[in-house]
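Beneath this line is the structure, given in structure tokens, with notes to follow.
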Amino acid sequence: MKIATKFLGEVEIVEQDIITFEYGLLGLEDEKKFILLPLDADLPLAILQSVEHAEIGFVVGYPFAFKKDYSFDISEEDYKQLQIEKTEDVLTYAIVTMKETFQDSTINLLAPLIINMDKKFGKQIVLQDNKSYPLRFPLQTLEGSAK
């Protein structure tokens with residue numbers, strides 16, 4: 001099927017790749033169906049695009065690439081909601097706020113997106129540690145394990 005996107009124009013997607021965010025995203029609780037679209041293979045970035053609304057799309061980044069000591073625990077409740085059976089099925093992304101230059105852009109480490117790539121369920125969670133994991137962490141350099 002074809003969908004219109006915010007950043008990439010019209011793209012062809014496979015229905016089985018649609019990720020369901022049962023509770024939507026923060027501030028967009030009614031937006032439940034998204035697709036992850038790759039950007040550049042050399043960058044730990046992708047597009048999280050609403051399947052139903054072209055104007056709702058986000059650049060997302062692999063947070064471990066930007067903050068090497070980034071880590072958190074997933075609650076038992078989130079494990080159940082996302083139907084996680086193997087940790088290898090889980091991908092974590094964080095929403096990026098793009099500025100004029102990449103160096104001025106930030107990534108939201110406080111509210112990561114947890115995605116079960118096997119079952120195609122996602123959830124945005126809010127961490128309690130806003131000192132270690134700020135809402136606007138500068139992207140500046142790739143320092144993590146996914147350089």
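Identifiers for the structure tokens are assigned positionally: chains receive A, B, ... in sequence, residues are indexed from 1 per chain, and ligands are indexed from 1 in the order shown.
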Give me the residues of range 113-136 of chain A that have any atom at most 8 Å from an atom of range 87-106 of chain A; for each, the nearest atom pair and the distance in Å, rounded to one decimal. Use only C-alpha atoms, sort by chain and number, and format it as CSV.
```
residue,atom,partner,partner_atom,distance
A:Leu113,CA,A:Tyr93,CA,5.1
A:Ile114,CA,A:Thr92,CA,4.8
A:Ile115,CA,A:Leu91,CA,5.1
A:Asn116,CA,A:Val90,CA,4.7
A:Met117,CA,A:Asp89,CA,5.4
A:Asp118,CA,A:Asp89,CA,5.6
A:Arg136,CA,A:Thr106,CA,5.1
```
Go ahead and save the picked residues with all heavy atoms, as a compact mmCIF listing (two decimals), in the first residue's frame.
```txt
# COMPACT_ATOMS: atom_id res chain seq x y z
N LEU A 113 10.83 5.57 22.83
CA LEU A 113 9.85 4.72 22.17
C LEU A 113 10.37 3.28 22.25
O LEU A 113 11.47 3.01 21.79
CB LEU A 113 9.69 5.12 20.71
CG LEU A 113 9.35 6.57 20.43
CD1 LEU A 113 9.55 6.90 18.97
CD2 LEU A 113 7.94 6.87 20.86
N ILE A 114 9.58 2.40 22.82
CA ILE A 114 9.95 1.00 22.93
C ILE A 114 9.12 0.24 21.89
O ILE A 114 7.89 0.35 21.89
CB ILE A 114 9.63 0.43 24.34
CG1 ILE A 114 10.12 1.36 25.44
CG2 ILE A 114 10.16 -0.99 24.49
CD1 ILE A 114 11.58 1.65 25.41
N ILE A 115 9.79 -0.50 21.01
CA ILE A 115 9.07 -1.18 19.92
C ILE A 115 9.42 -2.66 19.92
O ILE A 115 10.59 -3.03 19.88
CB ILE A 115 9.42 -0.55 18.56
CG1 ILE A 115 9.06 0.94 18.55
CG2 ILE A 115 8.70 -1.29 17.43
CD1 ILE A 115 9.57 1.71 17.34
N ASN A 116 8.39 -3.49 19.97
CA ASN A 116 8.55 -4.92 19.79
C ASN A 116 8.46 -5.17 18.29
O ASN A 116 7.37 -5.15 17.71
CB ASN A 116 7.46 -5.70 20.55
CG ASN A 116 7.58 -7.19 20.38
OD1 ASN A 116 8.21 -7.69 19.44
ND2 ASN A 116 6.96 -7.93 21.29
N MET A 117 9.60 -5.35 17.65
CA MET A 117 9.65 -5.47 16.19
C MET A 117 9.04 -6.79 15.71
O MET A 117 8.60 -6.89 14.57
CB MET A 117 11.08 -5.33 15.69
CG MET A 117 11.65 -3.93 15.89
SD MET A 117 10.67 -2.61 15.13
CE MET A 117 11.04 -2.89 13.39
N ASP A 118 9.01 -7.80 16.57
CA ASP A 118 8.42 -9.08 16.20
C ASP A 118 6.89 -8.98 16.16
O ASP A 118 6.26 -9.38 15.19
CB ASP A 118 8.87 -10.16 17.19
CG ASP A 118 8.31 -11.53 16.83
OD1 ASP A 118 8.47 -11.94 15.67
OD2 ASP A 118 7.70 -12.17 17.71
N ARG A 136 15.88 17.37 26.11
CA ARG A 136 16.61 17.91 24.95
C ARG A 136 18.11 17.66 25.09
O ARG A 136 18.87 18.54 25.45
CB ARG A 136 16.34 19.42 24.84
CG ARG A 136 14.91 19.71 24.47
CD ARG A 136 14.65 21.21 24.33
NE ARG A 136 13.25 21.45 24.14
CZ ARG A 136 12.37 21.60 25.12
NH1 ARG A 136 12.75 21.55 26.37
NH2 ARG A 136 11.10 21.82 24.85
```
Excluding Leu26 in chain A and its own-chain neighbours fewer than 5 positions away, which residues fall within 10 Å of it when counting only C-alpha atoms? Please give them as a list in words.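 Residues meeting the cut-off are Glu31, Ala111, Lys123, Gln124, Ile125 and Val126 of chain A.
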Just list the residues in chain A DSSP gives strand (DSSP E or B) on the backbone, as an MDAnalysis selection string. chainID A and resid 2:5 9:12 19:21 25 28 33:38 45:50 57:61 90:97 106:107 113:116 121:124 137:138
Closest of A:Leu25, A:Ile74, A:Ile107, A:Leu36 to Lys120 in chain A - atom-to-atom distances counting only C-alpha atoms: A:Leu36
Residues within 10 Å of Phe7 in chain A, please, as a short mmCIF file (atom, residue, chain, number, x, y, z; two decimals) with all heavy atoms, in the first residue's frame. Count only C-alpha atoms; anything in the same chain fewer than 3 positions from it doesn't count.
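What ended up in selection_14.cif:
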```cif
data_model
loop_
_atom_site.label_atom_id
_atom_site.label_comp_id
_atom_site.auth_asym_id
_atom_site.auth_seq_id
_atom_site.Cartn_x
_atom_site.Cartn_y
_atom_site.Cartn_z
N ALA A 4 1.25 8.72 2.12
CA ALA A 4 1.93 10.01 2.00
C ALA A 4 2.68 10.23 3.31
O ALA A 4 2.19 9.90 4.39
CB ALA A 4 0.92 11.12 1.78
N GLU A 10 5.52 10.27 -1.18
CA GLU A 10 4.72 9.04 -1.17
C GLU A 10 5.65 7.83 -1.15
O GLU A 10 6.62 7.78 -1.90
CB GLU A 10 3.82 9.00 -2.40
CG GLU A 10 2.71 7.98 -2.29
CD GLU A 10 1.71 8.10 -3.43
OE1 GLU A 10 1.98 7.54 -4.51
OE2 GLU A 10 0.66 8.75 -3.23
N ILE A 47 12.63 7.51 10.27
CA ILE A 47 11.41 8.32 10.34
C ILE A 47 10.32 7.44 10.95
O ILE A 47 10.12 6.31 10.51
CB ILE A 47 10.95 8.77 8.94
CG1 ILE A 47 12.03 9.61 8.22
CG2 ILE A 47 9.63 9.53 9.01
CD1 ILE A 47 12.27 10.97 8.79
N GLN A 49 6.58 7.45 10.98
CA GLN A 49 5.55 8.13 10.20
C GLN A 49 4.17 7.55 10.52
O GLN A 49 3.99 6.34 10.52
CB GLN A 49 5.84 7.96 8.70
CG GLN A 49 4.78 8.52 7.78
CD GLN A 49 4.63 10.03 7.90
OE1 GLN A 49 5.60 10.76 7.82
NE2 GLN A 49 3.40 10.51 8.08
N ALA A 54 -0.30 12.23 6.89
CA ALA A 54 1.01 12.56 6.32
C ALA A 54 1.75 13.61 7.13
O ALA A 54 2.98 13.58 7.22
CB ALA A 54 0.84 13.04 4.88
N GLU A 55 1.02 14.53 7.75
CA GLU A 55 1.67 15.63 8.46
C GLU A 55 2.26 15.20 9.81
O GLU A 55 2.98 15.96 10.45
CB GLU A 55 0.71 16.81 8.66
CG GLU A 55 -0.46 16.56 9.59
CD GLU A 55 -1.66 15.82 8.98
OE1 GLU A 55 -1.60 15.37 7.81
OE2 GLU A 55 -2.66 15.67 9.69
N ILE A 56 1.98 13.96 10.25
CA ILE A 56 2.51 13.48 11.53
C ILE A 56 3.63 12.49 11.27
O ILE A 56 3.41 11.33 10.92
CB ILE A 56 1.39 12.85 12.39
CG1 ILE A 56 0.33 13.90 12.69
CG2 ILE A 56 1.98 12.28 13.68
CD1 ILE A 56 -0.87 13.40 13.46
N GLY A 57 4.83 13.00 11.40
CA GLY A 57 6.02 12.18 11.21
C GLY A 57 7.14 12.76 12.05
O GLY A 57 7.20 13.98 12.27
N PHE A 58 8.01 11.90 12.53
CA PHE A 58 9.10 12.33 13.41
C PHE A 58 10.40 11.70 12.96
O PHE A 58 10.43 10.54 12.56
CB PHE A 58 8.84 11.88 14.86
CG PHE A 58 7.54 12.34 15.41
CD1 PHE A 58 6.42 11.53 15.35
CD2 PHE A 58 7.44 13.59 16.00
CE1 PHE A 58 5.20 11.96 15.86
CE2 PHE A 58 6.23 14.02 16.51
CZ PHE A 58 5.10 13.21 16.44
N VAL A 59 11.47 12.47 13.08
CA VAL A 59 12.79 11.88 12.96
C VAL A 59 13.05 11.23 14.31
O VAL A 59 12.82 11.84 15.36
CB VAL A 59 13.86 12.94 12.65
CG1 VAL A 59 15.25 12.32 12.65
CG2 VAL A 59 13.58 13.62 11.31
#
```
Would you give me, as a VMD selection string, the residues in range 65-129 of chain A that DSSP reads as alpha helix (DSSP H)? chain A and resid 76 to 81
Just N, CA and C atoms for this one: save the residues we selected as a PDB file, in the first residue's frame.
```pdb
ATOM      1  N   GLU A  76       7.309  -4.423  34.142  1.00  0.00           N
ATOM      2  CA  GLU A  76       6.611  -5.686  33.872  1.00  0.00           C
ATOM      3  C   GLU A  76       5.329  -5.418  33.075  1.00  0.00           C
ATOM      4  N   GLU A  77       4.645  -4.339  33.433  1.00  0.00           N
ATOM      5  CA  GLU A  77       3.408  -3.955  32.738  1.00  0.00           C
ATOM      6  C   GLU A  77       3.686  -3.648  31.258  1.00  0.00           C
ATOM      7  N   ASP A  78       4.775  -2.917  30.987  1.00  0.00           N
ATOM      8  CA  ASP A  78       5.126  -2.596  29.607  1.00  0.00           C
ATOM      9  C   ASP A  78       5.524  -3.856  28.837  1.00  0.00           C
ATOM     10  N   TYR A  79       6.237  -4.753  29.502  1.00  0.00           N
ATOM     11  CA  TYR A  79       6.595  -6.037  28.882  1.00  0.00           C
ATOM     12  C   TYR A  79       5.341  -6.759  28.400  1.00  0.00           C
ATOM     13  N   LYS A  80       4.324  -6.788  29.272  1.00  0.00           N
ATOM     14  CA  LYS A  80       3.079  -7.492  28.929  1.00  0.00           C
ATOM     15  C   LYS A  80       2.340  -6.777  27.804  1.00  0.00           C
ATOM     16  N   GLN A  81       2.211  -5.444  27.924  1.00  0.00           N
ATOM     17  CA  GLN A  81       1.491  -4.679  26.903  1.00  0.00           C
ATOM     18  C   GLN A  81       2.132  -4.822  25.530  1.00  0.00           C
TER      19      GLN A  81
END
```
